[in-house]
Amino acid sequence: QFHMIKYEDLSCDESLGQGSFTRIFKGKKIDIHDGEKRVTEVLLKELDATHKNCWESFFEAASLMSQIAHRHLLLVYGVSVHGAKNIMVQEYVKYGALDLYLKRGRSVSVSWKLDVAKQLASALNFLEEKNIVHGNICAKNLLLAREGDPSQGSSPFIKLSDPGISMAMVGKDVILDRIPWVAPEVLGAPEKLTLECDKWSFGATVWEIFNNGNSLLRGWNLDQKKQFYESFQQLPPSQWTELADLISQCMDYQADFRPSCRSIIRQLNSLITSDYVILHATEPVTQ
Ligand SMILES: N#Cc1ccc(Nc2nc(N)cc(-n3ccc(CO)n3)n2)cc1
């Protein structure tokens, strides 16, 4: 269900950081295309040897992304296994993860943020139509392919990354640490991810984007995070009530009360045309 890439056709360059179970590197992939050699810039995502037992789940995530194509879904070229190394080969996305981009204090406008939210909603709508659950929607897994330049009127362009190791494989602590992005019902049944779980995560991710990549619960310990759900708390509402309404509809503790993707897109479209956007063309950077 995915393309196997020969290790010798890859070259690994600088390290770009690490996720919870993986390390990422910039690299190159060499193909022979009708007789001529072609070099492609790639992102190499290597599964930590300590989590070797998760390789099936790691590759399941890769095959999910390589079986379906959509403009806002990351392109996965294939996988390469070499001894103890399990490597997912992805298209290299120029500006990397959105959470880091926002935290670096780029002041982006309200319409920039709405544009990103709408692109994520269209990716989710595509997955919903194919009844595919992503399971790890968050700004860290949104990749920025184009910055968008307000003066040139060009808008940002994002790609949803692979979900990584599935919730069923990770420990309880990893699930708790994903509060507030993980839907509350997942804590009791991590192997039963539903499309509604992605709606909750969508709400938390929009909140995160409008909060410039800062998460309210950063630094909270796992008990405090667990308590946040056990007392049915919500993230603080944005002063933009229509946006706050959409986020709280998505982050409804009753999974079947969460809106459909079509409703989410409809509500985002009306937000885009509201006068709030013009009034807040470029928000002052609140760090
Ligand atoms: N400085 C810098 C910089 C870092 C990365 C990229 N590019 C990229 N391309 C991908 N395909 C995936 C990722 N990811 C980053 C985190 C995750 C977690 O999922 N993925 N980054 C570009 C610039």
# chains A, B, ... in the order shown; residues from 1 in each chain; ligands from 1
>>> residues_around(residues="Asn221 in chain A", least_positions_apart="6", cutoff="10 Å", atoms="only C-alpha atoms", output="list in words")
Leu176, Asp177 and Gln227 of chain A
>>> closest_atom_pairs(of="chain A", to="ligand 1", cutoff="6 Å", atoms="only C-alpha atoms and all ligand atoms", output="JSON lines")
{"residue": "A:Leu16", "atom": "CA", "partner": "ligand 1", "partner_atom_place_in_ligand_line": "4 (C)", "distance": 5.3}
{"residue": "A:Gly19", "atom": "CA", "partner": "ligand 1", "partner_atom_place_in_ligand_line": "18 (C)", "distance": 6.0}
{"residue": "A:Leu43", "atom": "CA", "partner": "ligand 1", "partner_atom_place_in_ligand_line": "11 (N)", "distance": 5.1}
{"residue": "A:Gln90", "atom": "CA", "partner": "ligand 1", "partner_atom_place_in_ligand_line": "11 (N)", "distance": 5.1}
{"residue": "A:Glu91", "atom": "CA", "partner": "ligand 1", "partner_atom_place_in_ligand_line": "11 (N)", "distance": 5.1}
{"residue": "A:Tyr92", "atom": "CA", "partner": "ligand 1", "partner_atom_place_in_ligand_line": "9 (N)", "distance": 4.2}
{"residue": "A:Val93", "atom": "CA", "partner": "ligand 1", "partner_atom_place_in_ligand_line": "9 (N)", "distance": 3.9}
{"residue": "A:Lys94", "atom": "CA", "partner": "ligand 1", "partner_atom_place_in_ligand_line": "22 (C)", "distance": 4.6}
{"residue": "A:Tyr95", "atom": "CA", "partner": "ligand 1", "partner_atom_place_in_ligand_line": "22 (C)", "distance": 4.4}
{"residue": "A:Gly96", "atom": "CA", "partner": "ligand 1", "partner_atom_place_in_ligand_line": "6 (C)", "distance": 3.4}
{"residue": "A:Ala97", "atom": "CA", "partner": "ligand 1", "partner_atom_place_in_ligand_line": "15 (C)", "distance": 4.6}
{"residue": "A:Lys140", "atom": "CA", "partner": "ligand 1", "partner_atom_place_in_ligand_line": "18 (C)", "distance": 5.8}
{"residue": "A:Asn141", "atom": "CA", "partner": "ligand 1", "partner_atom_place_in_ligand_line": "19 (O)", "distance": 4.7}
{"residue": "A:Ser161", "atom": "CA", "partner": "ligand 1", "partner_atom_place_in_ligand_line": "19 (O)", "distance": 5.7}
>>> write_last_selection(atoms="C-alpha atoms", output="compact mmCIF listing (two decimals), in the first residue's frame")
# COMPACT_ATOMS: atom_id res chain seq x y z
CA LEU A 16 15.17 19.59 11.62
CA GLY A 19 8.54 14.76 17.32
CA LEU A 43 11.65 15.36 4.46
CA GLN A 90 7.62 12.99 2.57
CA GLU A 91 7.50 16.01 0.29
CA TYR A 92 9.56 18.78 1.85
CA VAL A 93 7.19 21.57 2.89
CA LYS A 94 9.05 24.89 2.79
CA TYR A 95 8.05 26.62 6.02
CA GLY A 96 7.55 23.61 8.31
CA ALA A 97 5.11 23.19 11.16
CA LYS A 140 2.11 20.97 14.84
CA ASN A 141 0.73 18.69 12.11
CA SER A 161 0.69 16.00 7.88
>>> select_by_dssp(residues="range 146-239 of chain A", states="strand (DSSP E or B)", output="PyMOL selection string")
chain A and resi 146+149+154+157-160
>>> write_last_selection(atoms="C-alpha atoms", output="compact mmCIF listing (two decimals), in the first residue's frame")
# COMPACT_ATOMS: atom_id res chain seq x y z
CA ARG A 146 3.32 29.14 1.26
CA ASP A 149 1.99 37.94 1.54
CA SER A 154 -1.32 36.06 -1.82
CA PHE A 157 -1.18 27.37 1.84
CA ILE A 158 -1.14 24.50 4.33
CA LYS A 159 -0.83 20.72 4.12
CA LEU A 160 -2.10 18.33 6.76
>>> closest_residue(among="A:Met65, A:Pro156, A:Phe21, A:Glu14", to="Gln1 in chain A", atoms="only C-alpha atoms")
A:Met65
>>> closest_residue(among="A:Asp48, A:Asp173, A:Glu36, A:Asp275", to="Asp223 in chain A", atoms="only C-alpha atoms")
A:Asp173
>>> residues_around(residues="Ser166 in chain A", least_positions_apart="5", cutoff="8 Å", atoms="only C-alpha atoms", output="number ranges by chain")
A: 57-58, 61, 135
>>> closest_residue(among="A:Ala69, A:Ala49, A:Val174, A:Cys250", to="Ala123 in chain A", atoms="only C-alpha atoms")
A:Ala69
>>> closest_residue(among="A:Val277, A:Ile87, A:Ile179, A:Ala62", to="Thr205 in chain A", atoms="only C-alpha atoms")
A:Ile179
>>> atom_distance(atom1="CA of Ile68 in chain A", atom2="CA of Lys199 in chain A")
19.8 Å
>>> closest_residue(among="A:Lys103, A:Lys85, A:Lys226, A:Arg218", to="Glu185 in chain A", atoms="only C-alpha atoms")
A:Lys226
>>> residues_around(residues="range 232-248 of chain A", least_positions_apart="6", cutoff="9 Å", atoms="only C-alpha atoms", output="PyMOL selection string")
chain A and resi 180+200+202-204+206-207+210-211+216+258-259+264+267-268+271+276
>>> closest_residue(among="A:Arg38, A:Pro163, A:Met169, A:Leu142", to="Cys54 in chain A", atoms="only C-alpha atoms")
A:Met169
>>> atom_distance(atom1="CA of Lys29 in chain A", atom2="CA of Ile137 in chain A")
27.7 Å
>>> select_by_dssp(residues="range 1-134 of chain A", states="alpha helix (DSSP H)", output="VMD selection string")
chain A and resid 55 to 67 98 to 103 110 to 129
>>> atom_distance(atom1="CA of Lys26 in chain A", atom2="CA of Glu46 in chain A")
11.1 Å
